[in-house]
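So this one's run.txt, compact mmCIF, C-alpha atoms:
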# COMPACT_ATOMS: atom_id res chain seq x y z
CA MET A 1 -4.78 35.07 39.81
CA GLN A 2 -7.61 33.48 37.82
CA VAL A 3 -7.84 30.60 40.30
CA LEU A 4 -8.01 33.06 43.19
CA ALA A 5 -10.64 35.21 41.50
CA VAL A 6 -12.89 32.25 40.77
CA SER A 7 -12.54 30.96 44.32
CA VAL A 8 -13.60 34.31 45.81
CA VAL A 9 -16.79 34.16 43.76
CA LEU A 10 -17.43 30.64 45.05
CA MET A 11 -16.88 31.30 48.73
CA SER A 12 -20.48 32.25 49.54
CA LEU A 13 -21.72 29.21 47.62
CA LEU A 14 -19.43 26.90 49.56
CA GLU A 15 -20.49 28.39 52.89
CA VAL A 16 -24.12 27.60 52.11
CA GLY A 17 -23.13 24.14 50.86
CA SER A 18 -21.16 23.43 54.02
CA GLN A 19 -24.16 24.34 56.17
CA MET A 20 -26.39 22.09 54.09
CA GLY A 21 -23.87 19.27 54.37
CA ASP A 22 -23.80 19.63 58.17
CA GLN A 23 -27.59 19.45 58.29
CA LYS A 24 -27.68 16.32 56.13
CA THR A 25 -24.91 14.45 57.96
CA GLN A 26 -26.47 11.54 59.86
CA GLY A 27 -23.34 10.00 61.38
CA ARG A 28 -19.60 10.24 61.55
CA HIS A 29 -17.24 9.05 58.84
CA PRO A 30 -15.42 5.97 60.20
CA ARG A 31 -12.01 6.83 58.66
CA PRO A 32 -11.42 3.09 58.18
CA LEU A 33 -7.68 3.44 57.55
CA ALA A 34 -7.00 5.43 60.72
CA GLY A 35 -3.80 4.14 62.31
CA VAL A 36 -2.36 2.88 59.01
CA ARG A 37 1.06 4.36 58.23
CA VAL A 38 1.86 4.95 54.57
CA LEU A 39 5.26 5.88 53.14
CA ASP A 40 4.63 7.75 49.92
CA LEU A 41 7.48 7.78 47.38
CA THR A 42 5.23 8.97 44.56
CA ARG A 43 5.15 12.10 42.47
CA VAL A 44 3.10 13.94 39.85
CA LEU A 45 -0.33 12.23 39.54
CA ALA A 46 -0.99 8.45 39.55
CA GLY A 47 0.84 7.69 42.80
CA PRO A 48 -0.18 10.89 44.65
CA TYR A 49 -3.81 10.27 43.68
CA CYS A 50 -3.57 6.79 45.21
CA THR A 51 -2.10 8.07 48.47
CA MET A 52 -4.57 10.97 48.59
CA VAL A 53 -7.42 8.44 48.61
CA LEU A 54 -5.66 6.56 51.43
CA ALA A 55 -5.24 9.81 53.37
CA ASP A 56 -8.89 10.73 52.80
CA LEU A 57 -9.80 7.37 54.38
CA GLY A 58 -7.77 8.16 57.49
CA ALA A 59 -4.27 6.83 56.81
CA GLU A 60 -1.22 8.77 57.96
CA VAL A 61 0.57 9.45 54.68
CA VAL A 62 4.21 10.52 54.88
CA LYS A 63 5.45 11.84 51.57
CA ILE A 64 9.19 11.28 51.10
CA GLU A 65 10.57 14.02 48.83
CA ARG A 66 14.00 14.92 47.60
CA PRO A 67 15.48 17.97 49.34
CA GLY A 68 15.57 21.15 47.33
CA GLY A 69 12.96 20.22 44.74
CA GLY A 70 10.43 17.73 45.99
CA ASP A 71 7.62 16.31 43.90
CA ASP A 72 7.81 17.58 40.31
CA ALA A 73 4.18 18.63 40.60
CA ARG A 74 5.17 21.39 43.05
CA HIS A 75 6.44 23.20 39.96
CA PHE A 76 3.33 22.73 37.76
CA GLY A 77 0.80 25.54 37.42
CA PRO A 78 -1.60 27.07 38.07
CA PHE A 79 0.09 28.86 40.95
CA LEU A 80 -1.39 30.91 43.75
CA PRO A 81 0.11 34.36 44.44
CA SER A 82 2.16 32.80 47.25
CA GLY A 83 3.79 30.47 44.70
CA VAL A 84 1.94 27.35 45.87
CA SER A 85 0.99 24.99 43.04
CA ALA A 86 -2.75 24.38 42.96
CA TYR A 87 -2.00 21.27 40.88
CA PHE A 88 0.15 19.84 43.68
CA ALA A 89 -2.12 20.93 46.51
CA GLY A 90 -5.21 19.42 44.94
CA ILE A 91 -3.85 15.85 45.15
CA ASN A 92 -1.61 16.04 48.22
CA ARG A 93 -3.98 17.30 50.88
CA GLY A 94 -3.56 15.97 54.38
CA LYS A 95 -0.13 14.41 53.81
CA LYS A 96 3.09 14.99 55.72
CA SER A 97 6.30 15.88 53.88
CA VAL A 98 9.68 14.49 54.91
CA ALA A 99 12.77 15.53 52.97
CA LEU A 100 15.22 12.67 52.43
CA ASP A 101 17.86 12.12 49.75
CA LEU A 102 17.69 8.41 48.96
CA LYS A 103 21.06 8.65 47.21
CA ASP A 104 22.62 9.63 50.52
CA GLU A 105 23.65 6.66 52.67
CA ARG A 106 22.55 8.18 55.95
CA ASP A 107 19.17 9.31 54.58
CA ARG A 108 18.69 5.92 52.98
CA GLU A 109 19.23 4.19 56.31
CA THR A 110 16.77 6.61 57.92
CA PHE A 111 14.28 5.69 55.25
CA LEU A 112 14.76 1.97 55.93
CA ARG A 113 14.10 2.58 59.61
CA LEU A 114 10.84 4.29 58.59
CA VAL A 115 10.01 1.25 56.45
CA GLU A 116 10.27 -0.89 59.57
CA LYS A 117 7.51 1.21 61.16
CA ALA A 118 5.27 1.48 58.09
CA ASP A 119 2.25 -0.52 57.01
CA VAL A 120 2.32 0.50 53.35
CA LEU A 121 4.84 1.82 50.85
CA VAL A 122 3.64 3.28 47.55
CA GLU A 123 6.04 4.25 44.76
CA ASN A 124 5.71 5.14 41.08
CA PHE A 125 9.30 5.12 39.89
CA ARG A 126 10.28 3.35 36.71
CA PRO A 127 10.84 -0.36 37.43
CA GLY A 128 14.28 -1.00 38.87
CA THR A 129 14.83 2.51 40.23
CA LEU A 130 14.55 1.60 43.91
CA ALA A 131 16.79 -1.42 43.41
CA ARG A 132 19.44 0.83 41.85
CA LEU A 133 19.19 3.03 44.94
CA GLY A 134 19.95 0.01 47.11
CA LEU A 135 16.31 -0.41 48.15
CA PRO A 136 15.05 -3.55 46.38
CA VAL A 137 11.69 -4.89 47.45
CA GLU A 138 13.39 -7.94 48.97
CA GLU A 139 15.30 -5.70 51.37
CA LEU A 140 12.17 -3.77 52.25
CA HIS A 141 10.32 -6.99 53.07
CA ARG A 142 13.33 -8.31 54.98
CA ARG A 143 13.13 -5.21 57.15
CA ASN A 144 9.34 -5.45 57.42
CA PRO A 145 7.69 -8.74 56.35
CA ARG A 146 4.23 -7.23 56.97
CA LEU A 147 4.80 -4.34 54.55
CA VAL A 148 2.28 -3.79 51.76
CA TYR A 149 4.41 -2.63 48.83
CA ALA A 150 2.57 -1.02 45.91
CA ALA A 151 4.46 -0.19 42.73
CA LEU A 152 2.60 1.94 40.18
CA SER A 153 4.22 2.34 36.76
CA GLY A 154 3.41 2.84 33.12
CA PHE A 155 3.91 -0.72 31.89
CA GLY A 156 4.42 -2.77 35.04
CA HIS A 157 7.36 -4.57 36.64
CA ALA A 158 6.95 -7.69 34.48
CA GLY A 159 6.48 -7.95 30.74
CA THR A 160 8.27 -7.00 27.53
CA GLU A 161 8.20 -3.19 27.80
CA THR A 162 8.78 -2.44 31.46
CA ASP A 163 11.45 0.18 30.75
CA ARG A 164 9.27 2.25 28.44
CA PRO A 165 8.48 5.78 29.71
CA ALA A 166 4.81 6.59 30.17
CA TYR A 167 2.65 9.66 30.36
CA ASP A 168 -1.14 9.72 30.47
CA ILE A 169 -1.51 10.69 26.80
CA ILE A 170 0.89 7.89 25.77
CA VAL A 171 -1.16 5.31 27.67
CA GLN A 172 -4.48 6.65 26.36
CA ALA A 173 -3.10 6.15 22.86
CA LEU A 174 -1.58 2.68 23.41
CA SER A 175 -4.55 1.31 25.34
CA GLY A 176 -7.02 1.93 22.53
CA LEU A 177 -8.99 4.41 24.62
CA MET A 178 -8.07 7.26 22.30
CA SER A 179 -9.18 5.25 19.26
CA ILE A 180 -12.78 5.32 20.52
CA THR A 181 -12.72 8.92 21.81
CA GLY A 182 -13.57 11.67 19.35
CA ASP A 183 -16.43 12.73 17.13
CA ARG A 184 -15.66 10.66 14.03
CA ALA A 185 -13.30 8.12 12.55
CA GLY A 186 -9.79 9.46 12.17
CA HIS A 187 -10.46 12.40 14.50
CA TYR A 188 -9.11 11.18 17.84
CA VAL A 189 -8.87 13.13 21.08
CA LYS A 190 -7.69 12.35 24.59
CA VAL A 191 -10.15 12.23 27.45
CA GLY A 192 -10.23 15.67 29.05
CA ALA A 193 -9.01 14.44 32.44
CA SER A 194 -5.84 12.38 32.93
CA VAL A 195 -7.87 9.21 33.34
CA SER A 196 -5.04 6.71 32.88
CA ASP A 197 -3.18 8.23 35.81
CA ILE A 198 -6.30 8.54 37.93
CA LEU A 199 -7.51 5.01 37.18
CA THR A 200 -4.14 3.67 38.26
CA GLY A 201 -4.34 5.69 41.47
CA LEU A 202 -7.82 4.37 42.23
CA TYR A 203 -6.87 0.77 41.48
CA GLY A 204 -3.82 1.31 43.67
CA ALA A 205 -5.93 2.41 46.62
CA ILE A 206 -8.26 -0.57 46.15
CA ALA A 207 -5.32 -2.97 45.98
CA VAL A 208 -3.70 -1.49 49.10
CA ALA A 209 -6.92 -1.76 51.09
CA ALA A 210 -7.37 -5.39 49.98
CA ALA A 211 -3.74 -6.20 50.81
CA LEU A 212 -4.14 -4.73 54.31
CA PHE A 213 -7.19 -6.95 54.83
CA HIS A 214 -5.16 -9.94 53.62
CA ARG A 215 -2.31 -9.03 55.97
CA ASP A 216 -4.65 -8.82 58.93
CA ARG A 217 -5.79 -12.37 58.21
CA THR A 218 -2.39 -13.90 57.36
CA GLY A 219 0.24 -11.64 58.93
CA ARG A 220 2.03 -11.38 55.57
CA GLY A 221 2.74 -8.39 53.40
CA THR A 222 2.03 -8.18 49.68
CA THR A 223 3.76 -6.84 46.58
CA ILE A 224 1.39 -5.01 44.22
CA ASP A 225 2.36 -4.39 40.58
CA LEU A 226 0.01 -1.95 38.82
CA ALA A 227 0.52 -0.70 35.26
CA MET A 228 -1.21 2.34 33.79
CA LEU A 229 -1.67 0.46 30.51
CA ASP A 230 -3.36 -2.48 32.24
CA CYS A 231 -5.63 -0.22 34.25
CA THR A 232 -6.76 1.72 31.18
CA VAL A 233 -7.41 -1.38 29.06
CA SER A 234 -9.46 -2.78 31.95
CA VAL A 235 -12.12 -0.05 31.59
CA LEU A 236 -12.71 -0.37 27.85
CA GLU A 237 -15.78 -2.48 28.76
CA ASN A 238 -17.87 -3.40 25.71
CA ALA A 239 -15.41 -2.00 23.16
CA LEU A 240 -13.24 -5.09 23.64
CA SER A 241 -16.13 -7.53 23.42
CA ARG A 242 -17.53 -5.79 20.35
CA PHE A 243 -14.19 -6.14 18.61
CA SER A 244 -13.80 -9.79 19.62
CA LEU A 245 -17.23 -10.63 18.22
CA THR A 246 -17.09 -8.59 15.00
CA GLY A 247 -13.39 -8.33 14.22
CA VAL A 248 -13.98 -4.65 13.44
CA PRO A 249 -12.16 -2.12 15.65
CA PRO A 250 -14.68 0.35 17.16
CA GLU A 251 -14.38 3.95 16.01
CA PRO A 252 -15.13 7.24 17.76
CA LEU A 253 -18.84 8.00 18.03
CA GLY A 254 -18.76 11.40 19.68
CA THR A 255 -21.44 11.40 22.36
CA ARG A 256 -23.36 8.53 20.76
CA HIS A 257 -23.66 5.05 22.24
CA PRO A 258 -22.62 2.12 20.04
CA SER A 259 -25.81 0.13 20.61
CA ILE A 260 -28.44 2.43 22.17
CA THR A 261 -30.16 5.19 20.17
CA PRO A 262 -30.89 8.04 20.81
CA PHE A 263 -28.34 8.23 23.59
CA GLN A 264 -26.32 11.34 22.75
CA ALA A 265 -26.02 15.11 22.58
CA PHE A 266 -28.24 17.41 20.57
CA GLU A 267 -28.29 21.17 20.07
CA ALA A 268 -31.27 23.08 21.40
CA ALA A 269 -31.90 26.67 20.31
CA ASP A 270 -29.46 28.08 22.87
CA GLY A 271 -27.15 25.25 23.93
CA PRO A 272 -26.42 21.54 24.05
CA LEU A 273 -28.17 18.82 26.01
CA VAL A 274 -27.96 15.05 26.14
CA ILE A 275 -30.91 12.71 25.83
CA ALA A 276 -30.74 9.08 26.94
CA ALA A 277 -33.76 7.22 25.62
CA GLY A 278 -32.42 3.88 26.79
CA ASN A 279 -35.36 1.69 25.79
CA ASP A 280 -38.39 1.60 23.51
CA ALA A 281 -40.77 2.96 26.15
CA LEU A 282 -38.58 6.02 26.68
CA TRP A 283 -38.36 6.48 22.92
CA ARG A 284 -42.15 6.64 22.72
CA ARG A 285 -42.24 9.23 25.50
CA LEU A 286 -39.58 11.27 23.72
CA CYS A 287 -41.65 11.27 20.54
CA GLU A 288 -44.63 12.59 22.53
CA VAL A 289 -42.51 15.37 24.04
CA LEU A 290 -41.24 16.35 20.58
CA GLY A 291 -44.81 16.54 19.29
CA ARG A 292 -44.19 13.74 16.82
CA PRO A 293 -45.85 10.64 18.32
CA GLU A 294 -46.03 9.02 14.88
CA LEU A 295 -42.22 8.61 14.89
CA ALA A 296 -42.60 5.81 17.44
CA ALA A 297 -44.36 3.73 14.80
CA ASP A 298 -41.97 4.58 11.96
CA GLU A 299 -40.74 1.23 10.65
CA ARG A 300 -37.17 2.56 10.67
CA LEU A 301 -37.36 3.64 14.32
CA ALA A 302 -39.75 1.24 16.04
CA THR A 303 -37.08 -0.66 18.03
CA ASN A 304 -33.73 0.24 19.51
CA GLY A 305 -31.95 -2.01 17.03
CA LEU A 306 -33.66 -0.28 14.10
CA ARG A 307 -32.95 3.18 15.53
CA THR A 308 -29.28 2.31 15.85
CA GLU A 309 -29.22 0.93 12.32
CA HIS A 310 -30.90 4.10 10.97
CA ARG A 311 -29.04 6.51 13.23
CA GLU A 312 -28.42 9.13 10.51
CA TYR A 313 -32.12 9.28 9.62
CA LEU A 314 -33.06 9.57 13.30
CA GLU A 315 -30.59 12.40 13.91
CA ALA A 316 -31.70 14.28 10.80
CA THR A 317 -35.29 14.00 12.05
CA LEU A 318 -34.69 15.00 15.68
CA GLU A 319 -32.12 17.76 15.25
CA PRO A 320 -34.44 20.42 13.72
CA LEU A 321 -37.14 19.62 16.25
CA LEU A 322 -34.84 20.14 19.20
CA ALA A 323 -33.26 23.24 17.66
CA ALA A 324 -36.65 24.97 17.70
CA GLU A 325 -36.83 25.49 21.47
CA PRO A 326 -34.42 26.66 24.21
CA ARG A 327 -32.59 24.02 26.22
CA ASP A 328 -34.38 24.68 29.52
CA VAL A 329 -37.76 24.30 27.83
CA TRP A 330 -36.81 20.85 26.56
CA LEU A 331 -35.28 19.84 29.88
CA ALA A 332 -38.48 20.75 31.72
CA LYS A 333 -40.65 18.83 29.26
CA LEU A 334 -38.37 15.80 29.27
CA SER A 335 -38.26 15.78 33.07
CA ARG A 336 -42.05 15.79 33.31
CA ALA A 337 -42.18 12.90 30.85
CA GLY A 338 -39.55 10.91 32.72
CA VAL A 339 -37.07 10.91 29.84
CA PRO A 340 -33.47 11.09 31.15
CA ALA A 341 -31.82 14.28 29.88
CA ALA A 342 -29.29 16.83 31.06
CA ALA A 343 -27.59 20.03 30.06
CA ILE A 344 -23.93 19.82 29.09
CA ARG A 345 -22.53 22.05 31.80
CA ASP A 346 -19.27 23.91 32.08
CA LEU A 347 -17.37 23.94 35.37
CA GLY A 348 -18.82 27.29 36.34
CA GLU A 349 -22.24 25.65 36.37
CA VAL A 350 -20.89 22.56 38.13
CA VAL A 351 -19.40 24.44 41.07
CA ALA A 352 -22.69 26.28 41.57
CA ASP A 353 -24.64 23.01 41.77
CA GLU A 354 -26.64 22.84 45.00
CA HIS A 355 -26.70 19.04 45.06
CA LEU A 356 -22.91 18.75 44.80
CA ARG A 357 -22.46 21.37 47.50
CA SER A 358 -24.87 19.54 49.79
CA ARG A 359 -22.65 16.44 49.44
CA ASP A 360 -19.40 18.28 50.24
CA ILE A 361 -17.80 17.37 46.92
CA LEU A 362 -16.47 20.90 46.37
CA HIS A 363 -13.56 21.21 48.78
CA GLU A 364 -11.93 24.42 49.90
CA MET A 365 -8.13 24.50 50.05
CA HIS A 366 -5.89 27.18 51.57
CA GLY A 367 -2.60 28.46 50.19
CA GLY A 368 0.46 29.68 52.05
CA GLU A 369 -0.72 33.28 52.34
CA GLY A 370 -4.38 32.73 53.05
CA GLU A 371 -5.45 32.20 49.46
CA VAL A 372 -8.48 30.03 48.91
CA PHE A 373 -9.20 27.79 45.95
CA ILE A 374 -11.50 24.90 45.11
CA THR A 375 -10.67 21.26 44.47
CA ALA A 376 -12.77 18.14 44.19
CA GLY A 377 -13.58 16.62 47.56
CA SER A 378 -13.87 12.95 48.34
CA PRO A 379 -16.89 10.97 47.09
CA LEU A 380 -16.26 8.28 49.75
CA ARG A 381 -19.24 9.01 52.01
CA MET A 382 -19.78 6.52 54.84
CA ASN A 383 -22.39 6.57 57.60
CA ALA A 384 -24.04 9.37 55.60
CA ALA A 385 -20.98 11.54 56.24
CA SER A 386 -18.14 12.83 54.08
CA PRO A 387 -14.58 12.34 55.34
CA GLU A 388 -12.98 15.28 57.11
CA LEU A 389 -10.46 16.53 54.57
CA SER A 390 -7.44 18.69 55.23
CA SER A 391 -7.46 22.13 53.66
CA HIS A 392 -3.68 22.18 53.32
CA ALA A 393 -0.95 20.45 51.33
CA PRO A 394 2.45 20.13 53.04
CA GLU A 395 5.39 22.40 52.40
CA LEU A 396 8.51 20.55 51.31
CA GLY A 397 10.10 18.92 54.35
CA GLU A 398 7.58 20.51 56.71
CA HIS A 399 7.19 17.41 58.87
CA THR A 400 10.69 15.91 58.73
CA GLN A 401 11.62 16.37 62.35
CA ALA A 402 8.16 15.64 63.71
CA VAL A 403 7.79 12.37 61.78
CA LEU A 404 11.28 11.16 62.64
CA ALA A 405 10.66 11.93 66.28
CA GLU A 406 7.32 10.15 66.35
CA TRP A 407 8.17 7.14 64.18
CA LEU A 408 11.76 6.63 65.26
CA GLU A 409 11.52 8.12 68.75
CA SER A 410 14.45 10.42 68.05
CA ALA A 411 14.29 13.76 66.30
CA GLY A 412 17.97 13.48 65.46
CA SER A 413 17.74 10.05 63.77

Can you present the structure in this file as structure tokens?
Amino acid sequence: MQVLAVSVVLMSLLEVGSQMGDQKTQGRHPRPLAGVRVLDLTRVLAGPYCTMVLADLGAEVVKIERPGGGDDARHFGPFLPSGVSAYFAGINRGKKSVALDLKDERDRETFLRLVEKADVLVENFRPGTLARLGLPVEELHRRNPRLVYAALSGFGHAGTETDRPAYDIIVQALSGLMSITGDRAGHYVKVGASVSDILTGLYGAIAVAAALFHRDRTGRGTTIDLAMLDCTVSVLENALSRFSLTGVPPEPLGTRHPSITPFQAFEAADGPLVIAAGNDALWRRLCEVLGRPELAADERLATNGLRTEHREYLEATLEPLLAAEPRDVWLAKLSRAGVPAAAIRDLGEVVADEHLRSRDILHEMHGGEGEVFITAGSPLRMNAASPELSSHAPELGEHTQAVLAEWLESAGS
């Protein structure tokens, strides 16, 4: 009920945003993957996020689900009054659902016939699962040599720990990401969003698009092996290089930057804001705004390197100054001075943001009984236009007969 209540409040905002988006649209989104057929054997988050991106870009995504239960995420809250999972709907928009039991010989053969008609197959089972079902990748490519096969898993299909189970929090811990996330050494937290899953989904979509390009040039399909652990380690950016150069594992810094100061959150009189004085010129402007121009010449703070070295002194100096005025006062002054700064907003403030609404990034979804709720839209604007996104997620098995009829030319197949 909370989801529904919030969405009702947002409806007028979204209507205005939609009108603004229509006015700003200069062209038509090309839907570059239109005509691409994707068989989606994924569930929960990493795989469905990948196939959602493909669907947003125009692909026909057919989600193969087990009869009677379907994707596990259908049973994760929050739920709309109709019983629809907002969790599931938010990452399965625009897909078609076909119910097949891959343990059943007849359904398995039907699935293989669909493989023959597909361009892409995406799965996120544990390695070896499809082979145990009698569907090894070799058989899939024998049936369809042009198939792009993408396997998303926790630890990959090659290596020493391929059988290990994985969840987002497990991968955040093992990747080292959690070791640099938190407000101080020994106080570790996970990133608020399930970034290891989502990163894997995004890398999956990139890999599929690249493999389709390769296929168009060579006529050959590709096997893609993506691991959540690999994908998460790949975005640790300068944390890895810092460790390799110093031999000292980085520790959590809260909102601070390891080598730029001040580049962090502070408390104003009535709420938090972040200030990003990314170079010495911005530092001098910040000192002017704070009414303490002499700080720019302080021998402990004159350069970025010195400010980072004397971070505790800098924070002790700036914190009481910033705490003396309300946040909006500081933001206005900093904006006039050209110093990058922002309020730390909650999601209530985010969904009311006029700029986001003008870019169609707040997407309205509909439940089974007319309920309305908000999800993130697609950021993939092309030709100055956002993609046309479906407002519905499929019911389990909703498209079984239609897809079989269209793909296999026989509704009874």

- prompt: Between CA of Val36 in chain A and CA of Gly58 in chain A, what is the distance, to one decimal in Å?
  reply: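 Computing it gives 7.7 Å between the two atoms.
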
message: When you count only C-alpha atoms, which of these residues is closest to Thr400 in chain A: A:Ala150, A:Leu177, A:Leu282, A:Ile64?
response: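 Ranked by minimum distance to Thr400 in chain A, first place goes to A:Ile64.
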
message: Residues near Phe263 in chain A, anyone? I mean within 9 Å using all atoms listed in the file, not counting same-chain ones fewer than 6 positions away, as a ChimeraX atom specification.
response: /A:255-257,274-278

- request: Can you work out which one of A:Leu33, A:Ala405, A:Leu286, A:Leu253 has the shortest atom-to-atom distance to Arg311 in chain A, counting only C-alpha atoms?
  value: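 Selected residue with least distance to Arg311 in chain A: A:Leu253.
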
- request: Go ahead and find all residues with at least one atom no further than 12 Å from (13.5, 5.9, 60.7) in the file's coordinates, using all atoms listed in the file; report them as a count of residues only.
  value: 33

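Proximity to Glu395 in chain A was assessed for A:Leu362, A:Pro258, A:Gly368, A:Leu229 counting only C-alpha atoms; the smallest distance is recorded for A:Gly368.
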
query: Mind pulling up the distance from CA of Tyr49 in chain A to CA of Ser153 in chain A?
result: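 Between these atoms lies a distance of 13.2 Å.
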
query: Which value, in Å to one decimal, gives the distance between CA of Gly201 in chain A and CA of Gly154 in chain A?
result: 11.7 Å

Size and centre in Å, one decimal, axis-aligned box, all listed range 133-137 of chain A atoms plus 4 Å per side, as lines of an AutoDock Vina configuration file:
center_x = 15.8
center_y = -0.9
center_z = 46.5
size_x = 16.3
size_y = 15.9
size_z = 11.2

- request: Mind checking which residues fall within 9 Å of Leu199 in chain A, counting only C-alpha atoms, ignoring those fewer than 5 positions away in the same chain, and posting them as a list in words?
  value: Ala46, Ser194, Gly204, Met228, Cys231, Thr232 and Val235 of chain A

Once you have the residues from the selection above, write them out as a compact mmCIF listing (two decimals), keeping the file's coordinate frame, restricted to C-alpha atoms.
# COMPACT_ATOMS: atom_id res chain seq x y z
CA ALA A 46 -0.99 8.45 39.55
CA SER A 194 -5.84 12.38 32.93
CA GLY A 204 -3.82 1.31 43.67
CA MET A 228 -1.21 2.34 33.79
CA CYS A 231 -5.63 -0.22 34.25
CA THR A 232 -6.76 1.72 31.18
CA VAL A 235 -12.12 -0.05 31.59

task: Could you check which of A:Arg142, A:His366, A:Arg132, A:Arg126 is closest to Thr162 in chain A, using only C-alpha atoms?
output: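 Checking each candidate against Thr162 in chain A, we get A:Arg126 as the closest.
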
message: Residues near Thr308 in chain A, anyone? I mean within 7 Å using all atoms listed in the file, not counting same-chain ones fewer than 6 positions away, as a PyMOL selection string.
response: chain A and resi 259-261

All residues 9 Å or closer to Ser82 in chain A, all atoms listed in the file, same chain fewer than 6 positions away omitted, as a PyMOL selection string: chain A and resi 367-371

message: What's around Leu314 in chain A at 8 Å? Count only C-alpha atoms, leave out sequence neighbours fewer than 6 positions away in its own chain, and write the answer as a list of chain:residue names.
response: A:Pro262, A:Leu301, A:Arg307

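In terms of minimum interatomic distance to Ala99 in chain A, A:Leu41 ranks closest within A:Pro145, A:Leu140, A:Pro272, A:Leu41, counting only C-alpha atoms.
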
- prompt: Quick one: of A:Ser378, A:Gly254, A:Arg28, A:Ala166, who's nearest to Tyr188 in chain A, counting all atoms listed in the file?
  reply: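 Ranking A:Ser378, A:Gly254, A:Arg28, A:Ala166 by distance to Tyr188 in chain A, first place goes to A:Gly254.
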